[in-house]
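Source file: start.cif (mmCIF, C-alpha atoms and all ligand atoms)
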data_entry
#
loop_
_atom_site.label_atom_id
_atom_site.label_comp_id
_atom_site.auth_asym_id
_atom_site.auth_seq_id
_atom_site.Cartn_x
_atom_site.Cartn_y
_atom_site.Cartn_z
CA MET A 238 0.00 0.00 0.00
CA THR A 239 1.25 3.53 -0.75
CA GLU A 240 1.42 6.14 2.01
CA LEU A 241 -1.56 7.98 0.46
CA THR A 242 -3.68 4.82 0.35
CA ASP A 243 -2.68 4.15 3.94
CA ILE A 244 -3.88 7.48 5.32
CA THR A 245 -7.04 7.38 3.21
CA THR A 246 -7.89 3.91 4.49
CA LEU A 247 -7.10 4.88 8.09
CA LEU A 248 -9.20 8.06 8.05
CA HIS A 249 -12.09 6.39 6.26
CA SER A 250 -12.12 3.56 8.81
CA ARG A 251 -12.53 6.05 11.67
CA ILE A 252 -15.67 7.77 10.32
CA ARG A 253 -18.97 6.35 11.53
CA ASP A 254 -22.19 6.51 9.49
CA VAL A 255 -25.29 7.37 11.53
CA ALA A 256 -28.52 7.03 9.55
CA ASP A 257 -31.35 9.54 9.92
CA TYR A 258 -29.42 12.01 12.09
CA PRO A 259 -30.14 14.83 12.82
CA GLU A 260 -33.27 14.27 10.71
CA PRO A 261 -34.77 11.49 8.53
CA GLY A 262 -32.94 10.99 5.22
CA VAL A 263 -29.56 12.35 6.35
CA MET A 264 -26.59 9.96 6.62
CA PHE A 265 -24.53 11.71 9.29
CA LYS A 266 -20.75 11.32 9.06
CA ASP A 267 -19.56 11.14 12.67
CA ILE A 268 -15.86 11.98 13.18
CA THR A 269 -15.73 11.26 16.93
CA PRO A 270 -14.07 7.81 16.42
CA LEU A 271 -11.32 9.55 14.45
CA LEU A 272 -10.82 12.17 17.17
CA ALA A 273 -10.52 9.41 19.77
CA ASP A 274 -7.71 7.70 17.80
CA PRO A 275 -4.44 9.62 18.30
CA VAL A 276 -2.76 8.01 15.27
CA ALA A 277 -5.61 8.99 12.93
CA PHE A 278 -6.03 12.46 14.44
CA THR A 279 -2.29 13.13 14.15
CA ALA A 280 -2.21 11.89 10.54
CA LEU A 281 -5.13 14.19 9.70
CA THR A 282 -3.48 17.16 11.43
CA ASP A 283 -0.21 16.55 9.57
CA ALA A 284 -2.01 16.27 6.22
CA PHE A 285 -3.85 19.56 6.78
CA ALA A 286 -0.65 21.27 8.00
CA GLY A 287 1.02 20.16 4.76
CA ILE A 288 -1.79 21.81 2.79
CA ALA A 289 -1.33 25.01 4.84
CA GLU A 290 2.37 25.05 3.94
CA ARG A 291 1.82 24.24 0.24
CA THR A 292 -0.82 26.95 -0.17
CA GLY A 293 1.26 29.61 1.61
CA ALA A 294 -1.40 30.18 4.25
CA THR A 295 -0.71 32.80 6.93
CA LYS A 296 -3.76 31.98 9.08
CA VAL A 297 -6.10 29.03 9.67
CA VAL A 298 -9.84 29.61 9.94
CA GLY A 299 -11.91 26.88 11.61
CA LEU A 300 -15.68 26.66 11.14
CA GLU A 301 -17.74 26.08 14.30
CA ALA A 302 -17.86 23.57 15.79
CA ARG A 303 -16.09 20.61 14.22
CA GLY A 304 -13.80 22.90 12.23
CA PHE A 305 -12.48 24.21 15.57
CA ILE A 306 -11.48 20.72 16.70
CA LEU A 307 -9.69 19.98 13.42
CA GLY A 308 -8.36 23.47 12.63
CA ALA A 309 -6.77 24.51 15.92
CA PRO A 310 -4.11 21.74 16.00
CA VAL A 311 -3.38 22.42 12.32
CA ALA A 312 -2.63 26.07 13.13
CA VAL A 313 -0.31 25.03 15.97
CA ARG A 314 1.43 22.39 13.83
CA ALA A 315 1.90 24.85 10.94
CA GLY A 316 2.99 27.70 13.23
CA LEU A 317 0.06 29.91 12.19
CA GLY A 318 -2.63 31.86 14.03
CA PHE A 319 -6.11 30.35 14.40
CA ILE A 320 -9.29 32.31 13.77
CA PRO A 321 -12.71 30.98 14.78
CA VAL A 322 -15.66 31.55 12.46
CA ARG A 323 -18.58 31.20 14.85
CA LYS A 324 -22.33 30.78 14.66
CA ALA A 325 -24.00 34.20 15.06
CA GLY A 326 -24.11 35.82 18.49
CA LYS A 327 -21.07 34.14 20.06
CA LEU A 328 -18.26 36.62 19.36
CA PRO A 329 -18.00 39.65 21.67
CA GLY A 330 -16.22 42.13 19.39
CA ALA A 331 -17.16 43.89 16.13
CA THR A 332 -18.14 41.19 13.64
CA LEU A 333 -18.90 40.60 9.98
CA GLY A 334 -21.80 38.16 9.42
CA GLN A 335 -23.02 35.97 6.56
CA ALA A 336 -26.23 33.89 6.34
CA TYR A 337 -26.29 30.52 4.52
CA ASP A 338 -28.23 27.27 4.03
CA LEU A 339 -26.92 23.77 4.80
CA GLU A 340 -28.04 20.15 4.29
CA TYR A 341 -30.36 20.31 7.30
CA GLY A 342 -31.39 23.92 7.91
CA SER A 343 -30.00 27.43 7.74
CA ALA A 344 -27.63 29.48 9.89
CA GLU A 345 -25.48 32.58 10.09
CA ILE A 346 -21.74 32.73 10.78
CA GLU A 347 -19.57 35.56 12.05
CA VAL A 348 -15.89 36.49 12.35
CA HIS A 349 -14.12 39.20 14.29
CA ALA A 350 -13.31 41.74 11.57
CA GLU A 351 -10.06 42.76 13.33
CA ASP A 352 -8.66 39.20 13.07
CA LEU A 353 -8.05 39.44 9.32
CA SER A 354 -6.08 41.94 7.24
CA ALA A 355 -5.23 42.49 3.57
CA ASP A 356 -1.89 40.68 4.07
CA ASP A 357 -3.54 37.46 5.17
CA ARG A 358 -3.90 34.29 3.11
CA VAL A 359 -6.40 32.09 4.91
CA LEU A 360 -6.75 28.31 4.86
CA ILE A 361 -10.33 27.34 5.79
CA VAL A 362 -10.54 23.99 7.64
CA ASP A 363 -13.66 21.90 8.27
CA ASP A 364 -14.68 18.27 8.60
CA VAL A 365 -17.40 17.95 5.94
CA LEU A 366 -18.15 19.62 2.63
CA ALA A 367 -21.82 18.87 1.94
CA THR A 368 -23.82 21.50 0.00
CA GLY A 369 -20.90 23.93 0.34
CA GLY A 370 -23.07 26.59 1.98
CA THR A 371 -20.96 26.94 5.14
CA ALA A 372 -17.63 27.07 3.32
CA GLU A 373 -18.98 29.46 0.68
CA ALA A 374 -20.27 31.82 3.39
CA SER A 375 -16.87 31.70 5.12
CA ILE A 376 -15.10 32.56 1.83
CA GLN A 377 -17.45 35.53 1.46
CA LEU A 378 -16.68 36.63 5.03
CA ILE A 379 -12.91 36.43 4.49
CA HIS A 380 -13.14 38.40 1.24
CA ARG A 381 -15.34 41.02 2.90
CA ALA A 382 -12.73 41.32 5.67
CA GLY A 383 -10.22 42.24 2.93
CA ALA A 384 -8.12 39.04 3.20
CA GLN A 385 -7.33 36.39 0.58
CA VAL A 386 -8.39 32.74 0.68
CA ALA A 387 -5.41 30.37 0.26
CA GLY A 388 -7.73 27.37 0.00
CA VAL A 389 -10.30 25.16 1.67
CA ALA A 390 -9.25 21.87 3.32
CA VAL A 391 -11.87 19.34 4.41
CA LEU A 392 -11.60 15.84 5.75
CA MET A 393 -14.42 14.60 3.54
CA GLU A 394 -16.47 15.77 0.60
CA LEU A 395 -19.99 14.38 0.15
CA GLY A 396 -19.77 14.27 -3.64
CA PHE A 397 -23.47 13.54 -4.20
CA LEU A 398 -24.42 16.94 -2.72
CA ASP A 399 -22.49 18.89 -5.38
CA GLY A 400 -20.75 21.34 -3.05
CA ARG A 401 -17.54 21.35 -5.13
CA PRO A 402 -18.69 23.33 -8.21
CA ARG A 403 -20.32 25.92 -5.99
CA LEU A 404 -17.20 26.27 -3.89
CA GLU A 405 -14.80 26.33 -6.82
CA ALA A 406 -16.75 29.25 -8.24
CA ALA A 407 -16.36 31.10 -4.93
CA LEU A 408 -12.67 30.15 -4.64
CA GLY A 409 -11.71 31.63 -8.02
CA GLY A 410 -8.71 29.33 -8.58
CA ALA A 411 -7.64 28.67 -4.98
CA PRO A 412 -7.60 24.92 -4.19
CA LEU A 413 -10.32 22.85 -2.58
CA GLU A 414 -8.59 19.85 -0.98
CA ALA A 415 -10.69 16.93 0.29
CA LEU A 416 -8.79 14.04 1.86
CA LEU A 417 -11.76 11.70 1.25
CA THR A 418 -14.60 11.81 -1.28
CA ILE A 419 -17.76 9.95 -0.38
O1 LIG B 1 -21.48 22.07 3.20
P1 LIG B 1 -22.62 22.37 4.12
O2 LIG B 1 -23.94 21.93 3.59
O3 LIG B 1 -22.63 23.80 4.55
O4 LIG B 1 -22.42 21.48 5.43
C1 LIG B 1 -21.19 21.30 6.05
C2 LIG B 1 -21.20 21.88 7.44
O5 LIG B 1 -22.19 21.22 8.24
C3 LIG B 1 -21.61 20.79 9.46
O6 LIG B 1 -21.65 21.78 10.44
P2 LIG B 1 -22.91 22.12 11.35
O7 LIG B 1 -23.46 23.44 10.90
O8 LIG B 1 -23.84 20.95 11.41
O9 LIG B 1 -22.25 22.44 12.74
P3 LIG B 1 -21.43 21.69 13.89
O10 LIG B 1 -20.01 21.53 13.40
O11 LIG B 1 -21.55 22.66 14.99
O12 LIG B 1 -22.10 20.35 14.19
C4 LIG B 1 -20.17 20.52 9.09
O13 LIG B 1 -19.31 20.52 10.20
C5 LIG B 1 -19.87 21.64 8.12
O14 LIG B 1 -19.46 22.83 8.79
N1 LIG B 2 -24.18 14.28 6.31
C1 LIG B 2 -23.44 15.04 7.14
N2 LIG B 2 -22.69 14.47 8.09
C2 LIG B 2 -21.94 15.22 8.93
N3 LIG B 2 -21.89 16.55 8.87
C3 LIG B 2 -22.63 17.15 7.93
N4 LIG B 2 -22.79 18.45 7.61
C4 LIG B 2 -23.66 18.53 6.60
N5 LIG B 2 -24.07 17.32 6.21
C5 LIG B 2 -23.43 16.45 7.03
#
Take the structure in this file and express it as structure tokens.
Amino acid sequence: MTELTDITTLLHSRIRDVADYPEPGVMFKDITPLLADPVAFTALTDAFAGIAERTGATKVVGLEARGFILGAPVAVRAGLGFIPVRKAGKLPGATLGQAYDLEYGSAEIEVHAEDLSADDRVLIVDDVLATGGTAEASIQLIHRAGAQVAGVAVLMELGFLDGRPRLEAALGGAPLEALLTI
């Protein structure tokens, strides 16, 4: 087995399918088994940190909540600052906000405007790319804050929900890297 096949197999084996959660018809991809396995979690962190280095990122943005768990160790490993993009109403300072729809509902995300500047190239980290609504809204937020998007890195892409074309349009040439496609 090649190294790439190895990590793909390992990560895939640590994702649990939960049918009809959080609502009927959704196959929920649960990453908690992966988080509980230090070998898999470290391999994932290293893979994302490699993407941060290759894309010349200067900051890592994590998308609440699972993107915080995955993104914060990536920032530390890559020696970069971490910026939380939070669900609306959770950040105490001056924020920029963006509404969006996702596979099971709608929401609004916010970022502290002062956390990003025109010099920044941001790698957005999350666990799942589904419809692409969350990642697209975060790209819009980063652009509105005046910063550049270095790329989007996700653990898994749910290919049947067609998030990629939508996101690639928003990314304008920056890479969308999915370690697994389901
Ligand atoms: O591509 P999309 O259709 O936007 O869906 C993907 C998003 O949905 C999930 O987050 P969720 O909002 O459920 O929040 P959580 O991490 O707090 O559980 C997931 O962690 C992604 O952020
Ligand atoms: N099917 C799914 N599993 C886990 N997280 C998700 N976010 C959006 N859709 C999801």
- prompt: Can you tell me, as a ChimeraX atom specification, which residues sit within 8 Å of (-2.5, 36.1, 7.4) in the file's frame, using only C-alpha atoms?
  reply: /A:294-296,318,353-359,384
task: Pick out the residues sitting within 6 Å of stretch 274-286 of chain A, and hand them over as a ChimeraX atom specification; count only C-alpha atoms, and ignore anything fewer than 3 positions along from it in its own chain.
output: /A:271,289,311,315
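In terms of minimum interatomic distance to A:Asp267, A:Leu392 ranks closest within A:Val362, A:Leu300, A:Ala309, A:Leu392, counting all atoms listed in the file.
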Please identify the residues whose atoms come within 12 Å of ligand LIG 2 (chain B), using all atoms listed in the file, and report them as an mmCIF file with C-alpha atoms, in the frame of the given file.
data_model
loop_
_atom_site.group_PDB
_atom_site.id
_atom_site.type_symbol
_atom_site.label_atom_id
_atom_site.label_comp_id
_atom_site.auth_asym_id
_atom_site.auth_seq_id
_atom_site.Cartn_x
_atom_site.Cartn_y
_atom_site.Cartn_z
ATOM 1 C CA ILE A 252 -15.670 7.770 10.320
ATOM 2 C CA ARG A 253 -18.970 6.350 11.530
ATOM 3 C CA ASP A 254 -22.190 6.510 9.490
ATOM 4 C CA VAL A 255 -25.290 7.370 11.530
ATOM 5 C CA ALA A 256 -28.520 7.030 9.550
ATOM 6 C CA ASP A 257 -31.350 9.540 9.920
ATOM 7 C CA TYR A 258 -29.420 12.010 12.090
ATOM 8 C CA PRO A 259 -30.140 14.830 12.820
ATOM 9 C CA GLU A 260 -33.270 14.270 10.710
ATOM 10 C CA PRO A 261 -34.770 11.490 8.530
ATOM 11 C CA GLY A 262 -32.940 10.990 5.220
ATOM 12 C CA VAL A 263 -29.560 12.350 6.350
ATOM 13 C CA MET A 264 -26.590 9.960 6.620
ATOM 14 C CA PHE A 265 -24.530 11.710 9.290
ATOM 15 C CA LYS A 266 -20.750 11.320 9.060
ATOM 16 C CA ASP A 267 -19.560 11.140 12.670
ATOM 17 C CA ILE A 268 -15.860 11.980 13.180
ATOM 18 C CA THR A 269 -15.730 11.260 16.930
ATOM 19 C CA LEU A 300 -15.680 26.660 11.140
ATOM 20 C CA GLU A 301 -17.740 26.080 14.300
ATOM 21 C CA ALA A 302 -17.860 23.570 15.790
ATOM 22 C CA ARG A 303 -16.090 20.610 14.220
ATOM 23 C CA GLY A 304 -13.800 22.900 12.230
ATOM 24 C CA ASP A 338 -28.230 27.270 4.030
ATOM 25 C CA LEU A 339 -26.920 23.770 4.800
ATOM 26 C CA GLU A 340 -28.040 20.150 4.290
ATOM 27 C CA TYR A 341 -30.360 20.310 7.300
ATOM 28 C CA GLY A 342 -31.390 23.920 7.910
ATOM 29 C CA SER A 343 -30.000 27.430 7.740
ATOM 30 C CA ASP A 363 -13.660 21.900 8.270
ATOM 31 C CA ASP A 364 -14.680 18.270 8.600
ATOM 32 C CA VAL A 365 -17.400 17.950 5.940
ATOM 33 C CA LEU A 366 -18.150 19.620 2.630
ATOM 34 C CA ALA A 367 -21.820 18.870 1.940
ATOM 35 C CA THR A 368 -23.820 21.500 0.000
ATOM 36 C CA GLY A 369 -20.900 23.930 0.340
ATOM 37 C CA GLY A 370 -23.070 26.590 1.980
ATOM 38 C CA THR A 371 -20.960 26.940 5.140
ATOM 39 C CA ALA A 372 -17.630 27.070 3.320
ATOM 40 C CA VAL A 391 -11.870 19.340 4.410
ATOM 41 C CA LEU A 392 -11.600 15.840 5.750
ATOM 42 C CA MET A 393 -14.420 14.600 3.540
ATOM 43 C CA GLU A 394 -16.470 15.770 0.600
ATOM 44 C CA LEU A 395 -19.990 14.380 0.150
ATOM 45 C CA GLY A 396 -19.770 14.270 -3.640
ATOM 46 C CA PHE A 397 -23.470 13.540 -4.200
ATOM 47 C CA LEU A 398 -24.420 16.940 -2.720
ATOM 48 C CA ASP A 399 -22.490 18.890 -5.380
ATOM 49 C CA GLY A 400 -20.750 21.340 -3.050
ATOM 50 C CA ILE A 419 -17.760 9.950 -0.380
#
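Between ligand LIG 1 (chain B) and the candidates A:Ala406, A:Leu333, A:Leu307, A:Leu317, the tightest atom-to-atom separation, counting only C-alpha atoms and all ligand atoms, involves A:Leu307.
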Nearest to ligand LIG 1 (chain B), chosen from A:Gly383, A:Pro412, A:Gly299, A:Phe319, with all atoms listed in the file counted in the distances: A:Gly299
